[in-house]
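Structure data follow from target_15.txt (compact mmCIF, C-alpha atoms):
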# COMPACT_ATOMS: atom_id res chain seq x y z
CA MET O 1 11.87 21.99 17.12
CA SER O 2 15.40 21.38 18.30
CA ILE O 3 17.86 22.73 15.73
CA ARG O 4 20.51 22.60 18.41
CA HIS O 5 20.21 18.86 18.89
CA GLY O 6 19.74 18.25 15.18
CA LEU O 7 23.06 19.93 14.44
CA LEU O 8 24.81 18.17 17.32
CA ALA O 9 23.52 14.82 16.05
CA LEU O 10 24.96 15.55 12.60
CA LEU O 11 28.31 16.60 14.14
CA SER O 12 28.41 13.32 16.09
CA GLN O 13 28.96 11.68 12.67
CA GLY O 14 32.11 13.76 12.08
CA PRO O 15 33.34 17.37 11.70
CA ARG O 16 31.43 19.60 9.28
CA TYR O 17 31.24 23.15 7.96
CA GLY O 18 28.22 25.27 8.80
CA TYR O 19 26.87 25.19 5.23
CA GLN O 20 27.26 21.40 5.18
CA LEU O 21 25.22 21.12 8.38
CA ARG O 22 22.46 23.19 6.85
CA ALA O 23 22.36 21.09 3.67
CA GLU O 24 22.38 17.78 5.55
CA PHE O 25 19.74 18.90 8.03
CA GLU O 26 17.45 19.93 5.19
CA SER O 27 17.96 16.82 3.10
CA SER O 28 17.24 14.59 6.13
CA THR O 29 14.00 16.37 6.91
CA GLY O 30 12.90 17.04 3.33
CA ALA O 31 13.25 20.80 3.91
CA THR O 32 10.24 20.59 6.21
CA TRP O 33 11.91 23.03 8.57
CA PRO O 34 14.10 25.20 6.35
CA LEU O 35 17.11 26.70 8.12
CA ASN O 36 18.80 29.91 7.18
CA ILE O 37 22.55 29.99 7.46
CA GLY O 38 22.35 32.67 10.15
CA GLN O 39 20.34 30.31 12.37
CA VAL O 40 22.99 27.65 11.85
CA TYR O 41 25.86 29.93 12.83
CA SER O 42 24.09 31.45 15.84
CA THR O 43 23.26 27.93 17.05
CA LEU O 44 26.87 26.85 16.51
CA ALA O 45 28.08 29.90 18.48
CA ARG O 46 25.88 28.87 21.42
CA LEU O 47 27.08 25.29 21.20
CA GLU O 48 30.65 26.55 21.20
CA ARG O 49 29.96 28.75 24.23
CA ASP O 50 28.50 25.71 26.05
CA GLU O 51 31.63 23.72 25.08
CA LEU O 52 29.64 21.11 23.17
CA VAL O 53 31.51 21.85 19.92
CA VAL O 54 34.88 23.39 19.05
CA ARG O 55 36.16 25.11 15.92
CA ALA O 56 38.76 22.83 14.40
CA GLY O 57 40.23 25.00 11.62
CA ASP O 58 39.13 26.92 8.58
CA ASP O 59 39.15 26.49 4.83
CA GLY O 60 41.17 29.65 4.18
CA GLU O 61 38.04 31.61 3.25
CA GLY O 62 36.93 32.23 6.81
CA ARG O 63 34.68 29.18 7.02
CA PHE O 64 35.23 27.02 10.05
CA VAL O 65 35.00 23.29 10.54
CA TYR O 66 33.11 22.37 13.71
CA GLU O 67 33.84 19.29 15.77
CA ILE O 68 31.79 17.78 18.58
CA THR O 69 33.33 17.53 22.08
CA PRO O 70 32.89 14.60 24.52
CA ALA O 71 30.37 16.76 26.41
CA GLY O 72 28.54 17.27 23.11
CA GLU O 73 28.51 13.52 22.46
CA ALA O 74 26.97 12.97 25.90
CA ASP O 75 24.37 15.63 25.16
CA VAL O 76 23.34 13.90 21.91
CA ARG O 77 23.09 10.53 23.66
CA ARG O 78 20.91 12.09 26.34
CA TRP O 79 18.71 13.70 23.70
CA PHE O 80 18.08 10.38 21.94
CA ALA O 81 17.39 8.67 25.27
CA THR O 82 14.87 11.26 26.50
CA PRO O 83 11.24 11.32 25.33
CA VAL O 84 9.90 14.62 24.04
CA ALA O 85 7.67 16.13 26.74
CA ALA O 86 4.18 17.13 25.72
CA ALA O 87 4.75 20.52 27.34
CA ASP O 88 7.55 21.24 24.85
CA ARG O 89 5.03 21.37 22.03
CA PRO O 90 3.11 24.52 21.24
CA ARG O 91 -0.48 24.96 22.39
CA ASP O 92 -2.94 23.21 20.18
CA GLU O 93 -5.12 25.87 18.62
CA LEU O 94 -7.57 23.33 17.26
CA ALA O 95 -8.22 21.79 20.68
CA ILE O 96 -8.79 25.27 22.07
CA LYS O 97 -11.14 26.11 19.21
CA LEU O 98 -13.22 22.96 19.72
CA ALA O 99 -13.35 23.53 23.48
CA MET O 100 -14.66 27.03 22.82
CA ALA O 101 -17.08 25.79 20.16
CA VAL O 102 -18.85 23.38 22.53
CA THR O 103 -19.30 26.04 25.18
CA ALA O 104 -20.05 29.14 23.11
CA PRO O 105 -23.73 29.59 22.23
CA GLY O 106 -24.82 29.49 18.60
CA VAL O 107 -21.78 27.64 17.24
CA ASP O 108 -22.49 24.62 14.99
CA VAL O 109 -19.89 22.22 16.34
CA ARG O 110 -20.53 19.71 13.56
CA ALA O 111 -19.76 22.41 11.00
CA VAL O 112 -16.54 23.36 12.79
CA VAL O 113 -15.55 19.70 12.89
CA GLN O 114 -16.37 19.10 9.23
CA THR O 115 -14.58 22.25 8.00
CA GLN O 116 -11.47 21.13 9.82
CA ARG O 117 -11.81 17.51 8.74
CA ALA O 118 -12.01 18.44 5.07
CA ALA O 119 -8.99 20.74 5.43
CA THR O 120 -6.97 18.10 7.27
CA LEU O 121 -7.91 15.48 4.68
CA ARG O 122 -6.65 17.84 1.98
CA THR O 123 -3.34 18.16 3.84
CA LEU O 124 -3.24 14.40 4.14
CA GLN O 125 -3.83 14.09 0.37
CA ASP O 126 -0.97 16.51 -0.32
CA LEU O 127 1.38 14.58 1.96
CA THR O 128 0.30 11.28 0.40
CA ARG O 129 0.98 12.64 -3.10
CA LEU O 130 4.53 13.42 -2.00
CA LYS O 131 4.82 9.82 -0.89
CA MET O 132 3.24 8.46 -4.08
CA GLY O 133 5.89 10.17 -6.17
CA ALA O 134 8.68 8.32 -4.39
CA PRO O 135 9.51 4.60 -4.56
CA ALA O 136 7.89 2.38 -1.89
CA VAL O 137 11.33 1.72 -0.41
CA PRO O 138 13.61 4.78 -0.71
CA ALA O 139 17.08 4.00 -1.96
CA ASP O 140 19.40 6.26 0.02
CA GLN O 141 19.79 7.41 3.60
CA PRO O 142 18.50 11.02 3.38
CA ASP O 143 15.45 9.82 1.40
CA ARG O 144 14.71 7.28 4.11
CA ALA O 145 15.07 9.94 6.81
CA TRP O 146 12.75 12.24 4.87
CA ARG O 147 10.21 9.43 4.49
CA LEU O 148 10.08 9.08 8.28
CA VAL O 149 9.45 12.81 8.66
CA LEU O 150 6.73 12.61 6.03
CA GLU O 151 5.13 9.62 7.77
CA SER O 152 5.21 11.53 11.03
CA MET O 153 3.18 14.31 9.47
CA ILE O 154 0.80 11.79 7.90
CA PHE O 155 0.22 10.05 11.22
CA GLN O 156 -0.34 13.40 12.95
CA ALA O 157 -2.92 14.44 10.36
CA GLU O 158 -4.57 11.03 10.64
CA ALA O 159 -4.71 11.33 14.42
CA GLU O 160 -6.33 14.72 14.05
CA VAL O 161 -9.05 13.30 11.80
CA ARG O 162 -9.69 10.46 14.24
CA TRP O 163 -9.94 12.91 17.08
CA LEU O 164 -12.39 15.04 15.05
CA ASP O 165 -14.51 11.92 14.36
CA HIS O 166 -14.47 11.26 18.08
CA CYS O 167 -15.48 14.86 18.88
CA GLU O 168 -18.40 14.61 16.48
CA VAL O 169 -19.73 11.43 18.08
CA TYR O 170 -19.12 12.82 21.54
CA VAL O 171 -21.02 16.01 20.82
CA ALA O 172 -23.91 14.08 19.26
CA ARG O 173 -24.11 11.74 22.27
CA ALA O 174 -23.90 14.59 24.74
CA GLY O 175 -27.28 15.58 23.36
CA ARG O 176 -26.47 19.17 22.67
CA PRO O 177 -29.20 20.27 20.24
CA ALA O 178 -27.45 20.42 16.87
CA PRO O 179 -28.17 23.60 14.94
CA PRO O 180 -30.09 22.78 11.78
CA ALA O 181 -27.74 24.53 9.33
CA PRO O 182 -25.67 22.15 7.15
CA PRO O 183 -21.92 22.59 7.35
CA ALA O 184 -20.27 25.14 5.09
CA GLY O 185 -18.45 24.20 1.93
CA ALA O 186 -20.77 21.46 0.63
CA GLY O 187 -19.44 22.36 -2.80
CA ALA O 188 -19.01 19.36 -5.07
CA ALA O 189 -21.50 17.31 -3.08
CA ALA O 190 -25.25 17.16 -3.41
CA GLU O 191 -27.29 19.97 -1.98
CA PRO O 192 -28.06 18.71 1.53
CA ALA O 193 -31.70 18.43 2.44
CA GLU O 194 -32.95 18.95 5.96
CA PRO O 195 -33.07 15.82 8.08
CA THR O 196 -36.71 14.80 8.37
CA GLU O 197 -38.53 13.59 11.43
CA GLU O 198 -38.57 10.02 10.14
CA THR O 199 -34.80 9.65 10.03
CA ARG O 200 -34.48 10.78 13.60
CA ARG O 201 -36.54 7.87 14.86
CA MET M 1 -15.03 10.25 -19.44
CA THR M 2 -17.51 9.35 -16.72
CA VAL M 3 -17.57 5.67 -15.77
CA LEU M 4 -20.02 5.93 -12.88
CA SER M 5 -22.74 8.53 -12.61
CA MET M 6 -25.28 8.66 -9.78
CA ARG M 7 -28.11 11.19 -10.00
CA GLN M 8 -30.43 12.01 -7.10
CA VAL M 9 -30.04 8.50 -5.77
CA SER M 10 -32.10 7.67 -2.68
CA ARG M 11 -32.51 4.35 -0.92
CA ASP M 12 -35.05 3.65 1.80
CA HIS M 13 -35.10 0.59 4.00
CA GLY M 14 -38.24 -0.54 5.81
CA THR M 15 -41.61 1.21 6.05
CA GLY M 16 -43.67 3.19 8.55
CA ASN M 17 -41.93 3.68 11.85
CA ALA M 18 -39.05 1.49 10.75
CA LEU M 19 -38.38 3.59 7.64
CA VAL M 20 -34.71 4.52 7.28
CA HIS M 21 -33.35 6.79 4.57
CA ALA M 22 -30.04 5.08 3.96
CA LEU M 23 -29.20 7.42 1.07
CA ARG M 24 -30.78 10.74 0.22
CA GLN M 25 -30.55 12.41 -3.18
CA VAL M 26 -26.92 11.58 -3.73
CA ASP M 27 -25.19 12.98 -6.83
CA LEU M 28 -21.80 11.48 -7.55
CA ASP M 29 -19.62 11.04 -10.64
CA VAL M 30 -16.44 9.03 -10.95
CA ALA M 31 -14.42 9.58 -14.12
CA ALA M 32 -12.04 7.19 -15.82
CA GLY M 33 -8.70 7.42 -14.04
CA GLU M 34 -10.27 8.93 -10.96
CA PHE M 35 -9.99 7.52 -7.46
CA VAL M 36 -12.75 8.65 -5.10
CA ALA M 37 -12.89 7.77 -1.41
CA VAL M 38 -16.08 7.84 0.66
CA MET M 39 -15.85 8.55 4.36
CA GLY M 40 -18.46 8.87 7.06
CA PRO M 41 -19.49 7.46 10.41
CA SER M 42 -20.97 3.98 10.59
CA GLY M 43 -24.56 3.97 9.48
CA SER M 44 -24.01 6.99 7.20
CA GLY M 45 -24.83 4.98 4.07
CA LYS M 46 -21.32 4.26 2.75
CA SER M 47 -21.83 0.59 2.02
CA THR M 48 -25.31 1.21 0.60
CA LEU M 49 -23.76 3.70 -1.81
CA LEU M 50 -21.27 1.10 -2.97
CA THR M 51 -23.76 -1.73 -3.45
CA ILE M 52 -26.05 0.56 -5.45
CA ALA M 53 -23.15 1.82 -7.57
CA GLY M 54 -22.36 -1.79 -8.46
CA GLY M 55 -25.94 -2.79 -9.20
CA LEU M 56 -26.07 -5.23 -6.28
CA ASP M 57 -28.93 -3.20 -4.85
CA THR M 58 -31.42 -0.89 -6.57
CA PRO M 59 -32.20 2.66 -5.50
CA THR M 60 -35.69 3.65 -4.32
CA SER M 61 -35.41 6.62 -6.66
CA GLY M 62 -32.76 8.21 -8.85
CA GLN M 63 -30.53 7.02 -11.65
CA VAL M 64 -27.29 5.02 -11.76
CA VAL M 65 -25.32 4.93 -15.02
CA VAL M 66 -22.30 2.64 -15.41
CA GLU M 67 -20.24 2.88 -18.60
CA GLY M 68 -23.13 4.63 -20.32
CA ALA M 69 -25.73 2.01 -19.34
CA ASP M 70 -28.66 3.00 -17.11
CA LEU M 71 -28.84 0.20 -14.53
CA GLY M 72 -32.54 0.84 -13.84
CA ALA M 73 -33.43 0.33 -17.52
CA LEU M 74 -31.45 -2.89 -17.88
CA GLY M 75 -33.47 -5.38 -15.85
CA PRO M 76 -31.92 -8.07 -13.64
CA ALA M 77 -30.27 -10.11 -16.41
CA GLY M 78 -28.75 -7.09 -18.11
CA ARG M 79 -27.56 -5.70 -14.80
CA SER M 80 -25.91 -8.92 -13.91
CA ALA M 81 -24.15 -9.08 -17.31
CA LEU M 82 -22.91 -5.49 -16.97
CA ARG M 83 -21.78 -6.21 -13.43
CA ARG M 84 -19.69 -9.13 -14.59
CA ARG M 85 -18.26 -7.26 -17.56
CA ALA M 86 -17.57 -3.81 -16.15
CA VAL M 87 -17.47 -3.90 -12.36
CA GLY M 88 -14.87 -5.34 -10.02
CA TYR M 89 -15.35 -5.67 -6.27
CA VAL M 90 -12.78 -5.72 -3.50
CA PHE M 91 -14.17 -6.56 -0.10
CA GLN M 92 -12.70 -6.51 3.35
CA ASP M 93 -12.96 -10.27 3.67
CA LEU M 94 -11.00 -11.30 0.65
CA ASN M 95 -13.29 -14.12 -0.43
CA LEU M 96 -10.48 -15.97 -2.15
CA ILE M 97 -11.40 -19.61 -2.62
CA PRO M 98 -8.94 -21.58 -0.48
CA SER M 99 -8.84 -24.66 -2.69
CA LEU M 100 -7.87 -22.66 -5.79
CA THR M 101 -4.48 -21.15 -6.60
CA ALA M 102 -4.03 -17.40 -7.04
CA ALA M 103 -4.23 -17.75 -10.82
CA GLU M 104 -7.35 -19.94 -10.63
CA ASN M 105 -9.04 -17.48 -8.30
CA VAL M 106 -8.35 -14.64 -10.72
CA MET M 107 -9.40 -16.73 -13.75
CA MET M 108 -12.78 -17.57 -12.30
CA PRO M 109 -14.72 -14.41 -13.17
CA ARG M 110 -13.43 -14.61 -16.74
CA GLU M 111 -14.48 -18.23 -17.06
CA LEU M 112 -17.90 -17.17 -15.80
CA ASP M 113 -17.84 -14.58 -18.59
CA GLY M 114 -17.48 -17.51 -20.99
CA VAL M 115 -13.82 -16.93 -21.78
CA ARG M 116 -11.89 -20.13 -22.48
CA ALA M 117 -9.50 -21.42 -19.82
CA ARG M 118 -6.27 -20.70 -21.72
CA GLN M 119 -7.26 -17.14 -22.46
CA ALA M 120 -8.56 -16.67 -18.90
CA ARG M 121 -5.26 -17.91 -17.49
CA ARG M 122 -3.28 -15.58 -19.73
CA GLU M 123 -5.36 -12.64 -18.53
CA ALA M 124 -5.06 -13.75 -14.91
CA LEU M 125 -1.27 -13.95 -15.12
CA HIS M 126 -1.21 -10.49 -16.66
CA ALA M 127 -3.43 -9.07 -13.89
CA LEU M 128 -1.32 -10.70 -11.17
CA ALA M 129 1.91 -9.38 -12.70
CA GLU M 130 0.45 -5.91 -12.88
CA LEU M 131 -0.14 -6.01 -9.13
CA GLY M 132 3.35 -7.27 -8.46
CA VAL M 133 2.32 -10.78 -7.42
CA GLY M 134 2.96 -12.61 -10.70
CA GLU M 135 5.30 -15.06 -8.97
CA LEU M 136 2.48 -16.19 -6.66
CA ALA M 137 0.28 -17.50 -9.49
CA ASP M 138 0.48 -21.14 -8.43
CA ARG M 139 0.28 -20.62 -4.68
CA PHE M 140 -2.81 -21.24 -2.58
CA PRO M 141 -4.24 -18.42 -0.44
CA GLU M 142 -2.97 -19.95 2.82
CA GLU M 143 0.58 -19.79 1.43
CA MET M 144 0.41 -16.01 1.03
CA SER M 145 0.57 -13.04 3.41
CA GLY M 146 -2.48 -10.87 4.00
CA GLY M 147 -1.17 -8.17 1.68
CA GLN M 148 -0.42 -10.68 -1.06
CA GLN M 149 -3.90 -12.18 -0.75
CA GLN M 150 -5.44 -8.75 -0.98
CA ARG M 151 -3.47 -7.99 -4.13
CA VAL M 152 -4.68 -11.25 -5.64
CA ALA M 153 -8.23 -10.22 -4.71
CA ILE M 154 -7.68 -6.89 -6.45
CA ALA M 155 -6.30 -8.67 -9.51
CA ARG M 156 -9.49 -10.73 -9.56
CA ALA M 157 -11.54 -7.54 -9.31
CA LEU M 158 -9.72 -6.01 -12.26
CA VAL M 159 -9.18 -8.92 -14.61
CA GLY M 160 -10.70 -8.59 -18.08
CA ASP M 161 -10.40 -4.81 -18.06
CA ARG M 162 -13.16 -4.04 -15.59
CA ARG M 163 -13.21 -0.29 -15.59
CA LEU M 164 -15.14 0.36 -12.39
CA VAL M 165 -13.55 -0.87 -9.18
CA LEU M 166 -15.65 -0.78 -6.02
CA ALA M 167 -13.74 -1.34 -2.81
CA ASP M 168 -15.31 -1.69 0.63
CA GLU M 169 -12.72 -1.21 3.39
CA PRO M 170 -10.14 -3.01 1.23
CA THR M 171 -7.43 -2.70 3.86
CA GLY M 172 -9.62 -4.25 6.56
CA ALA M 173 -7.41 -5.97 9.07
CA LEU M 174 -4.10 -5.36 7.28
CA ASP M 175 -1.23 -3.59 9.06
CA SER M 176 -0.36 -0.06 7.94
CA HIS M 177 2.51 -1.14 5.69
CA THR M 178 0.49 -3.81 3.89
CA GLY M 179 -2.47 -1.45 3.70
CA GLU M 180 -0.22 0.96 1.86
CA GLU M 181 0.74 -1.71 -0.69
CA VAL M 182 -2.95 -2.18 -1.41
CA MET M 183 -3.42 1.58 -1.83
CA ARG M 184 -0.48 1.74 -4.21
CA ALA M 185 -2.02 -1.05 -6.26
CA LEU M 186 -5.43 0.66 -6.46
CA ARG M 187 -3.79 3.98 -7.22
CA ALA M 188 -1.78 2.43 -10.05
CA ARG M 189 -4.95 0.94 -11.55
CA CYS M 190 -6.64 4.32 -11.51
CA ASP M 191 -3.59 5.96 -13.06
CA ALA M 192 -3.89 3.31 -15.79
CA GLY M 193 -7.46 4.41 -16.50
CA ALA M 194 -9.80 2.57 -14.11
CA ALA M 195 -12.41 4.43 -12.04
CA CYS M 196 -12.34 3.51 -8.37
CA LEU M 197 -14.85 4.18 -5.62
CA MET M 198 -13.61 3.14 -2.19
CA VAL M 199 -15.33 3.17 1.18
CA THR M 200 -12.96 3.54 4.10
CA HIS M 201 -12.92 4.85 7.64
CA GLU M 202 -9.16 5.35 7.57
CA SER M 203 -8.15 8.83 6.55
CA ARG M 204 -4.59 7.77 5.73
CA HIS M 205 -6.01 5.50 3.04
CA ALA M 206 -8.64 7.95 1.86
CA ALA M 207 -5.77 10.35 1.26
CA TRP M 208 -4.60 8.21 -1.68
CA ALA M 209 -7.75 9.23 -3.54
CA ASP M 210 -8.08 12.21 -5.86
CA ARG M 211 -11.24 13.27 -4.09
CA VAL M 212 -12.72 12.44 -0.70
CA VAL M 213 -16.48 12.75 -0.22
CA PHE M 214 -18.16 12.74 3.19
CA LEU M 215 -21.48 11.06 3.93
CA ARG M 216 -23.62 11.71 6.97
CA ASP M 217 -27.13 10.35 7.57
CA GLY M 218 -27.32 9.32 3.91
CA LEU M 219 -26.42 12.77 2.61
CA LEU M 220 -23.27 13.81 0.80
CA ILE M 221 -22.28 16.76 2.94
CA ASP M 222 -18.85 17.75 1.74
CA ALA M 223 -15.96 16.87 -0.55
CA THR M 224 -12.32 17.77 -0.96
CA PRO M 225 -11.64 19.25 -4.40
CA GLY M 226 -10.45 16.83 -7.07
CA ARG M 227 -6.94 16.74 -8.37
CA PRO M 228 -6.47 19.61 -10.82
CA GLY M 229 -6.93 18.27 -14.33
CA PRO M 230 -5.70 19.84 -17.58
CA GLU M 231 -8.89 21.91 -17.95
CA SER M 232 -8.67 23.54 -14.54
CA LEU M 233 -4.99 24.27 -15.10
CA LEU M 234 -5.92 26.02 -18.33
CA GLU M 235 -8.65 27.92 -16.53
CA GLY M 236 -6.08 29.12 -14.04
CA ALA M 237 -3.83 30.30 -16.86
CA SER M 238 -6.44 32.29 -18.73
Let me see whether you can do it: turn the structure in this file into structure tokens.
Amino acid sequence: MSIRHGLLALLSQGPRYGYQLRAEFESSTGATWPLNIGQVYSTLARLERDELVVRAGDDGEGRFVYEITPAGEADVRRWFATPVAAADRPRDELAIKLAMAVTAPGVDVRAVVQTQRAATLRTLQDLTRLKMGAPAVPADQPDRAWRLVLESMIFQAEAEVRWLDHCEVYVARAGRPAPPAPPAGAGAAAEPAEPTEETRR
Amino acid sequence: MTVLSMRQVSRDHGTGNALVHALRQVDLDVAAGEFVAVMGPSGSGKSTLLTIAGGLDTPTSGQVVVEGADLGALGPAGRSALRRRAVGYVFQDLNLIPSLTAAENVMMPRELDGVRARQARREALHALAELGVGELADRFPEEMSGGQQQRVAIARALVGDRRLVLADEPTGALDSHTGEEVMRALRARCDAGAACLMVTHESRHAAWADRVVFLRDGLLIDATPGRPGPESLLEGAS
């Protein structure tokens, strides 16, 4: 997550104090990635060192206004123009877990898939409830920005569920003998019965 | 209050070698105000579950109770009356009649109920307004967008205070934005007291539900917990 570019992008709209940058960053992203003020100032110090921002004066209480430089403007433009590389994202633990599950003996892959699917659906429900609470078309700019962040998380969760569906079908087709145990957590649902011979035909 | 209650419901298709257990001992309740989504791979029994819940098909064994009435004990005529009175359907293909306006489409089930035209129209206009398409009352289906047509279809499913809404892939071929409008409309109806059971393969739409249940090979295998109600909040406090 690029705090550096996030702050630079905010400064490209005009000079700001450090605490202002923190507040605006959080309202635009719905406090999805909370920043502490220390992070903001250490990032600003690095930006200053790299001559992408300059201190333009203080408010008399030791708080400085930061202003973007032409080099900083160019950096922001480059950032917007460059796609995010897949390698910049952290390793996907779930993909690793599924890869291990299909190779390790004695692991019920369908159960692993279902446990994750139910959990991801729950996340998706939580995210959707956040969206439900808000008007269909948000009124102001930070709310609109936050909606996009929220949608991004919704689409990611949805993609994960689709991928899990795909894994399940793939594993079934690959003909790996499915362990007979039903998946864990069949709480509110009916007590699953064993599949009988007839249904397999 | 429970609007739909399914107990140990099984449904077999075919016999002998061709025997398929489409549903196996399914237990499912949907309360008033509750929105339940059903997910599962194709062939898992989702649509069978919905048609049995609405009395369009009868289970091989088990019990289905809608608004306190046991469908199995009613007989075909009683079932059909209950279906008209209490159950609304939203299908993927909207089934709006092209030669009728939005209002006339929505009026039709009420006229079949024996309600007089003026009253039926009043109810239809109310249902359309509730779904935010009141201004489309006199338009024909071809003069509306996909999302607008779907909202008219939902209005038709809900008119006359039908308390059980059964939806089969209601967002079918709609784009994600229009699909969301449909989800908002269904959600609003549930918040106003209807019980809704929806089959979908799209997790982003299932996420609008209070509870998501998973079907596989005709079995209910899992469910996300329901939205915490007043009782469970009290339990947490004690």
Separation of atom CA of Ala73 of chain M and atom CA of Arg189 of chain M, in Å?
->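 Interatomic distance here is 29.1 Å.
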Choose the residue, out of M:Ala192, M:Asn105, M:Val65, M:Arg162, that has the smallest atom-to-atom separation from Ala137 of chain M; count only C-alpha atoms.
->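 Checking each candidate against Ala137 of chain M, we get M:Asn105 as the closest.
In this model, the gap between atom CA of Val109 of chain O and atom CA of Trp163 of chain O comes to 13.6 Å.
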What's around Thr43 of chain O at 12 Å? Count only C-alpha atoms, leave out sequence neighbours fewer than 5 positions away in its own chain, and write the answer as a short mmCIF file (atom, residue, chain, number, x, y, z; two decimals) with C-alpha atoms, in the coordinates of the input.
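What ended up in part36.cif:
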data_model
loop_
_atom_site.label_atom_id
_atom_site.label_comp_id
_atom_site.auth_asym_id
_atom_site.auth_seq_id
_atom_site.Cartn_x
_atom_site.Cartn_y
_atom_site.Cartn_z
CA SER O 2 15.40 21.38 18.30
CA ILE O 3 17.86 22.73 15.73
CA ARG O 4 20.51 22.60 18.41
CA HIS O 5 20.21 18.86 18.89
CA GLY O 6 19.74 18.25 15.18
CA LEU O 7 23.06 19.93 14.44
CA LEU O 8 24.81 18.17 17.32
CA GLY O 18 28.22 25.27 8.80
CA LEU O 21 25.22 21.12 8.38
CA ARG O 22 22.46 23.19 6.85
CA LEU O 35 17.11 26.70 8.12
CA ASN O 36 18.80 29.91 7.18
CA ILE O 37 22.55 29.99 7.46
CA GLY O 38 22.35 32.67 10.15
CA GLU O 48 30.65 26.55 21.20
CA ARG O 49 29.96 28.75 24.23
CA ASP O 50 28.50 25.71 26.05
CA LEU O 52 29.64 21.11 23.17
CA VAL O 53 31.51 21.85 19.92
CA TYR O 66 33.11 22.37 13.71
#
Using only C-alpha atoms, which residue out of M:Arg79, M:His126, M:Arg187, M:Arg156 lies closest to Ala53 of chain M?
->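 So, comparing all the options, the nearest one is M:Arg79.
Interface residues on chain M toward chain O (cut-off 7 Å, all atoms listed in the file): Leu19, Val20, His21, Val26, Asp27, Ser203, Arg204, Ala207, Trp208, Leu219, Leu220, Ile221, Asp222, Ala223 and Thr224 of chain M.
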Segment 140-153 of chain O surroundings by only C-alpha atoms, 6 Å radius, close-in-sequence under 6 positions cut, as a compact mmCIF listing (two decimals) with C-alpha atoms, in the coordinates of the input:
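around-v3.txt written:
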# COMPACT_ATOMS: atom_id res chain seq x y z
CA SER O 27 17.96 16.82 3.10
CA SER O 28 17.24 14.59 6.13
CA THR O 29 14.00 16.37 6.91
CA GLY O 30 12.90 17.04 3.33
If we count only C-alpha atoms, what is near Arg16 of chain O at a cut-off of 9 Å, once residues fewer than 6 positions away on the same chain are taken out, given as number ranges by chain?
-> O: 10, 64-67
Is there a way to get, as a list in words, all residues within 9 Å of the point (-1.8, -22.6, -9.4) in file coordinates, counting all atoms listed in the file?
-> Leu100, Thr101, Ala102, Ala103, Glu104, Asn105, Leu136, Ala137, Asp138, Arg139 and Phe140 of chain M
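Taking atom CA of Ala172 of chain O as the reference point, atom CA of Asp108 of chain O is found at 11.5 Å.
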Check the smallest atom-to-atom distance from each of M:Glu202, M:Asp12, M:Glu169, M:Glu180 to Gly45 of chain M using all atoms listed in the file, then report the winner.
->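 For Gly45 of chain M, the nearest of the given residues is M:Asp12.
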Compile the contact shell of Val152 of chain M as a ChimeraX atom specification: residues with an atom at most 12 Å away, counting all atoms listed in the file, same-chain residues fewer than 4 positions apart removed.
-> /M:90-91,94-97,100-107,124-141,144-148,156-159,182,185-186
Looking at only C-alpha atoms, which of M:Pro41, M:Ser61, M:Ser47, M:Asp161 is the one that sits closest to Arg110 of chain M?
->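 Checking each candidate against Arg110 of chain M, we get M:Asp161 as the closest.
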If we count all atoms listed in the file, what is near Asp210 of chain M at a cut-off of 9 Å, once residues fewer than 3 positions away on the same chain are taken out, given as a compact mmCIF listing (two decimals) with C-alpha atoms, keeping the file's coordinate frame?
# COMPACT_ATOMS: atom_id res chain seq x y z
CA GLN O 125 -3.83 14.09 0.37
CA GLU M 34 -10.27 8.93 -10.96
CA PHE M 35 -9.99 7.52 -7.46
CA VAL M 36 -12.75 8.65 -5.10
CA ALA M 37 -12.89 7.77 -1.41
CA ALA M 206 -8.64 7.95 1.86
CA ALA M 207 -5.77 10.35 1.26
CA THR M 224 -12.32 17.77 -0.96
CA PRO M 225 -11.64 19.25 -4.40
CA GLY M 226 -10.45 16.83 -7.07
CA ARG M 227 -6.94 16.74 -8.37
